[in-house]
Amino acid sequence: MRELNYLVKIEGNEALLERFISAIENGTVKVDKAYPNPYLLDTGEKFLLDKIIEYFFTTRAFSKDQYIAFFEKLRKLNGFDSYYYSLGKQTEELVFNTFERVKKGKYKIFIPKTEEKHSQPDLSEDQKELLSFLCYLAVSHIKYGPSYASVTANEYFDIVIELGSDEVEKLKKFGTGKLPKELTDYKDSDFTAKANDVFATINIKLNNETEESYGKALSFVNALLKSDFPKSYEIAFSSKNKELLPVKGLPKCGQNYLFAEAVKYPNLHKSILEYINLSKKEYEWYNNLEDENCAMPSTFAVFALGLQDEKYFETLIDYYQTVDEEHQSIQAKFTPAFLEKFGVTEKSIRVYINALLSMQEHPHNKAFIPYFAAENSLKLLLDSKENFTAYYFTDQDIKEYSDSGNDTQEMADYCWGSIMYTTFGKSKGFSKIVKELNEEQKALFEKLL
């Protein structure tokens with residue numbers, strides 16, 4: 001059995017653990033880059049973080065301010081993901097040991113459902129502080145965790161409500177209160193906006209359909225995204241116009257209405273690009289869309305600009321290369337609209353193929369065949385096939401294929417087979433397509449197979 005080069009045992013290492021806690025609090029501790037990323041003192045000792053957290057909980061009497069200060073140090077040092085499990089485990093244990101009604105299941109604490117109404121005793125100041133800390137943990141899940149972390153956050157909120165605290169109600173009304181009010185609340189004759197950084201909601205109501213009004217709305221959203229606002233969120237948008245993006249099948253939602261109208265003003269395209277750059281983050285989502293329409297923030301803005309001009313093709317390609325290909329497929333709805341707008345050219349084919357590579361299997365559409373059965377389109381496809389790795393694989397892609405033991409050419413061939421299916425349908429239908437081609441086109445088509 002391989003000997004660990006870091007410590008995990010608390011007993012006998014208490015003095016060393018105190019040094020680790022001091023180093024975290026004064027900002028001198030480091031994180032080892034090698035998995036599982038133990039924490040490192042200047043003097044060379046290494047300790048696993050979950051044991052440092054366990055020791056912290058067992059030796060420090062609970063104080064909301066002291067606990068938050070300590071875990072904010074950890075978050076700024078190495079991110080919420082590095083400790084959220086250990087913090088949750090220790091906090092749940094503390095809540096379980098403090099409140100009789102809280103029970104402990106296999107994976108989480110909970111309050112059993114019962115028809116019997118409980119008379120809620122008054123909470124002590126210490127209990128209020130602990131429930132407030134549980135809310136802090138819930139909010140951290142929403143702000144710094146992936147979108148699905150909201151499930152855990154809401155479970156914590158439910159416990160806080162059931163135990164008689166009004167903390168959640170305050171958070172619903174006012175958010176955390178940490179963001180300046182000028183960032184979260186705005187009202188003038190053109191529009192009204194309000195944002196809540198706990199529940200990750202942005203509500204916008206336009207009174208006037210003007211370039212200035214939409215410019216103010218975009219500025220409001222962009223300023224929020226530059227702050228400590230959750231990266232997964234929803235936009236609720238209200239205005240007199242109810243026009244949607246010209247993409248069949250896209251869900252009706254606030255971000256669709258907002259960018260369908262804002263993109264009509266060329267002077268606002270710069271602000272829309274800024275929004276895209278601020279919001280485009282893999283594994284983050286718009287919270288107001290169902291699973292089948294899940295979409296990375298920036299999606300509707302990218303589609304809006306992508307149908308405007310060739311100069312936004314790189315914006316589309318960058319978007320396609322960022323999305324979570326395993327869980328998002330809403331971009332398939334955009335492909336027919338894109339081809340209808342731009343056809344197949346030397347520039348647009350790069351966008352098209354990146355779109356197909358942005359999900360596990362882009363569905364075939366019979367409308368694609370006429371665009372690619374032309375001689376020039378077939379030549380562009382053949383060029384893409386012959387230079388596939390150079391055109392469509394990044395250095396990171398090649399490294400990942402190599403590290404996982406996959407041959408780059410085999411991966412390119414696999415991807416190309418998927419592109420042929422999306423473009424022309426199942427191979428059993430190729431003979432029907434070939435019958436419609438002239439001799440030159442047939443020769444090109446054969447080389448694509």
# chains A, B, ... in the order shown; residues from 1 in each chain; ligands from 1
>>> residues_around(residues="range 95-110 of chain A", least_positions_apart="4", cutoff="10 Å", atoms="only C-alpha atoms", output="PyMOL selection string")
chain A and resi 88-91+118+126-127+130-131+134+152+155-156+158-159+162-163
>>> residues_around(residues="Met420 in chain A", least_positions_apart="5", cutoff="9 Å", atoms="only C-alpha atoms", output="list in words")
Cys415, Gly425, Lys426, Ser427, Leu448 and Leu449 of chain A
>>> atom_distance(atom1="CA of Tyr352 in chain A", atom2="CA of Tyr265 in chain A")
25.9 Å
>>> residues_around(residues="Cys253 in chain A", least_positions_apart="2", cutoff="9 Å", atoms="only C-alpha atoms", output="list of chain:residue names")
A:Ile235, A:Ala236, A:Phe237, A:Leu244, A:Leu250, A:Pro251, A:Gln255, A:Asn256, A:Tyr257, A:Leu258, A:Asn288, A:Leu289
>>> residues_around(residues="Tyr35 in chain A", least_positions_apart="6", cutoff="12 Å", atoms="only C-alpha atoms", output="ChimeraX atom specification")
/A:4-6,48-49,82
>>> closest_atom_pairs(of="range 159-265 of chain A", to="range 274-283 of chain A", cutoff="8 Å", atoms="only C-alpha atoms", output="CSV")
residue,atom,partner,partner_atom,distance
A:Leu218,CA,A:Tyr275,CA,7.6
A:Val221,CA,A:Tyr275,CA,7.7
A:Asn222,CA,A:Tyr275,CA,5.7
A:Leu225,CA,A:Leu278,CA,6.3
A:Lys226,CA,A:Leu278,CA,7.1
A:Lys231,CA,A:Ser279,CA,6.9
